[in-house]
>>> print(open('final_18.cif').read())   # mmCIF, C-alpha atoms
data_structure
#
loop_
_atom_site.label_atom_id
_atom_site.label_comp_id
_atom_site.auth_asym_id
_atom_site.auth_seq_id
_atom_site.Cartn_x
_atom_site.Cartn_y
_atom_site.Cartn_z
CA MET A 1 54.67 -8.27 22.95
CA SER A 2 52.14 -11.09 23.05
CA ASN A 3 49.81 -9.05 25.29
CA LEU A 4 50.00 -6.14 22.88
CA LYS A 5 49.07 -8.41 19.95
CA ASN A 6 46.12 -9.86 21.89
CA SER A 7 44.88 -6.39 22.86
CA TYR A 8 45.13 -5.19 19.28
CA SER A 9 43.32 -8.32 18.04
CA ASN A 10 40.52 -7.87 20.60
CA LEU A 11 40.18 -4.19 19.69
CA LYS A 12 39.92 -5.07 16.00
CA ARG A 13 37.31 -7.75 16.65
CA ASN A 14 35.23 -5.53 18.95
CA SER A 15 35.37 -2.65 16.46
CA LEU A 16 34.25 -4.94 13.66
CA MET A 17 31.35 -6.27 15.77
CA ALA A 18 30.26 -2.73 16.66
CA LEU A 19 30.41 -1.69 13.01
CA LEU A 20 28.37 -4.70 11.89
CA GLY A 21 25.82 -4.08 14.64
CA ALA A 22 25.44 -0.44 13.63
CA GLY A 23 25.04 -1.40 9.98
CA LEU A 24 22.35 -3.93 10.85
CA ALA A 25 20.48 -1.38 12.97
CA ILE A 26 20.61 1.22 10.20
CA SER A 27 19.36 -1.18 7.53
CA ALA A 28 16.53 -2.38 9.78
CA ALA A 29 15.47 1.21 10.45
CA ALA A 30 15.56 2.02 6.73
CA CYS A 31 13.02 -0.73 6.00
CA ALA A 32 10.68 0.14 8.86
CA ALA A 33 7.27 1.67 8.27
CA THR A 34 6.32 5.17 9.35
CA PRO A 35 2.77 6.55 9.70
CA THR A 36 2.89 7.92 6.13
CA GLN A 37 5.28 5.46 4.47
CA GLU A 38 5.12 1.71 4.23
CA SER A 39 7.87 -0.74 4.99
CA THR A 40 9.46 -2.55 2.06
CA GLY A 41 7.49 -5.72 2.83
CA GLY A 42 4.27 -3.74 3.21
CA TYR A 43 4.76 -2.14 -0.19
CA VAL A 44 5.26 -5.53 -1.83
CA ASP A 45 2.08 -6.83 -0.17
CA ASP A 46 0.08 -3.75 -1.24
CA SER A 47 1.30 -3.89 -4.82
CA THR A 48 0.35 -7.58 -4.94
CA ILE A 49 -3.13 -6.75 -3.63
CA THR A 50 -3.51 -3.94 -6.17
CA ALA A 51 -2.51 -6.23 -9.04
CA LYS A 52 -4.90 -8.96 -7.91
CA VAL A 53 -7.83 -6.52 -7.52
CA LYS A 54 -7.16 -5.06 -11.00
CA THR A 55 -7.00 -8.54 -12.52
CA ASP A 56 -10.20 -9.68 -10.80
CA LEU A 57 -12.06 -6.52 -11.84
CA ALA A 58 -10.91 -6.93 -15.45
CA GLN A 59 -12.13 -10.55 -15.48
CA ASP A 60 -15.52 -9.73 -13.92
CA SER A 61 -18.16 -9.33 -16.66
CA LYS A 62 -20.39 -7.29 -14.32
CA VAL A 63 -17.85 -4.45 -13.95
CA SER A 64 -16.53 -2.07 -16.60
CA ALA A 65 -13.03 -1.81 -15.13
CA SER A 66 -11.42 0.25 -17.88
CA ASP A 67 -12.05 3.54 -16.04
CA VAL A 68 -11.44 2.22 -12.51
CA SER A 69 -8.21 3.05 -10.70
CA VAL A 70 -7.02 0.84 -7.82
CA LYS A 71 -4.57 1.88 -5.11
CA THR A 72 -3.72 0.05 -1.90
CA TYR A 73 -2.12 1.31 1.30
CA LYS A 74 -1.62 -0.98 4.30
CA GLY A 75 -4.26 -3.38 3.01
CA VAL A 76 -6.90 -0.71 2.42
CA VAL A 77 -8.01 -0.66 -1.22
CA ASP A 78 -9.14 2.63 -2.74
CA LEU A 79 -11.29 2.39 -5.86
CA SER A 80 -11.78 5.55 -7.91
CA GLY A 81 -12.96 6.43 -11.37
CA PHE A 82 -16.11 5.90 -13.40
CA VAL A 83 -18.54 3.01 -13.89
CA ASN A 84 -21.80 2.62 -15.83
CA SER A 85 -24.20 1.89 -12.95
CA GLN A 86 -24.67 1.75 -9.20
CA SER A 87 -24.67 -2.06 -9.41
CA GLN A 88 -21.13 -1.92 -10.86
CA ILE A 89 -20.01 0.03 -7.80
CA SER A 90 -21.43 -2.69 -5.56
CA GLU A 91 -19.81 -5.42 -7.65
CA ALA A 92 -16.43 -3.66 -7.68
CA ARG A 93 -16.53 -3.32 -3.88
CA LEU A 94 -17.44 -7.00 -3.55
CA VAL A 95 -14.69 -8.15 -5.93
CA ALA A 96 -12.04 -6.02 -4.21
CA GLY A 97 -13.12 -7.12 -0.74
CA GLN A 98 -12.71 -10.80 -1.62
CA VAL A 99 -9.00 -10.46 -2.45
CA ASN A 100 -6.73 -12.02 0.14
CA GLY A 101 -5.06 -9.40 2.35
CA VAL A 102 -7.67 -6.66 1.86
CA LYS A 103 -8.61 -5.08 5.20
CA ALA A 104 -11.12 -2.54 3.85
CA VAL A 105 -12.39 -1.09 0.59
CA HIS A 106 -13.01 2.63 0.06
CA ASP A 107 -14.84 3.52 -3.08
CA ASN A 108 -14.80 6.88 -4.75
CA LEU A 109 -16.46 5.53 -7.86
CA ILE A 110 -18.85 7.71 -9.83
CA VAL A 111 -21.63 6.53 -12.11
CA LYS A 112 -21.15 8.02 -15.58
CA GLY A 113 -23.81 10.54 -16.53
CA VAL A 114 -25.07 11.07 -13.00
CA VAL A 115 -24.70 14.59 -11.69
CA ALA A 116 -22.78 14.53 -8.45
CA PRO A 117 -24.34 16.33 -5.50
CA PRO A 118 -22.78 19.72 -4.71
CA THR A 119 -19.82 19.78 -2.39
CA VAL A 120 -19.90 21.65 0.92
CA ALA A 121 -17.93 24.51 -0.65
CA GLU A 122 -20.38 24.73 -3.56
CA LYS A 123 -23.33 24.82 -1.16
CA ARG A 124 -21.82 27.82 0.68
CA VAL A 125 -21.61 29.86 -2.53
CA ASP A 126 -25.36 29.64 -3.21
#
>>> encode(input="final_18.cif", output="structure tokens")
Amino acid sequence: MSNLKNSYSNLKRNSLMALLGAGLAISAAACAATPTQESTGGYVDDSTITAKVKTDLAQDSKVSASDVSVKTYKGVVDLSGFVNSQSQISEARLVAGQVNGVKAVHDNLIVKGVVAPPTVAEKRVD
């Protein structure tokens, strides 16, 4: 009877360890990054970068940040929207690039009142 109790106890313990191991593996996989989706930690870092860039742009007197949108993915900051001059684009890039954790800055900023050059598709129509 004692051997049967020990076998049952070992089986219970081994099953519990296997279950805990599987749960740990599943939760680790759920937080992992994929090529198109960030890990949980990566998202927190990117949202922190975005907030810091927005704050710094708002505090910079050389940039009209009210029409500038900031998004960050894996440390790459994307600036989009409208500014008043080409110098504000340069300043916005500089400000964003100085934030800790920024790997690169892409700007899709447009100077208000300046006619954008035609796109490739628009050129084909002519």
>>> residues_around(input="final_18.cif", residues="stretch 97-108 of chain A", least_positions_apart="5", cutoff="10 Å", atoms="all atoms listed in the file", output="JSON, numbers by chain")
{"A": [45, 46, 48, 49, 50, 52, 53, 56, 68, 69, 70, 71, 72, 73, 74, 75, 76, 77, 78, 79, 80, 81, 82, 89, 90, 91, 92]}
>>> atom_distance(input="final_18.cif", atom1="atom CA of A:Ala58", atom2="atom CA of A:Ala116")
25.5 Å
>>> resolve_selection(input="final_18.cif", expression="the PyMOL selection byres ((chain A and resi 111) around 6)", output="JSON, numbers by chain")
{"A": [82, 83, 84, 85, 110, 112, 114]}
>>> atom_distance(input="final_18.cif", atom1="atom CA of A:Val95", atom2="atom CA of A:Asp67")
15.7 Å
>>> atom_distance(input="final_18.cif", atom1="atom CA of A:Gln88", atom2="atom CA of A:Lys54")
14.3 Å
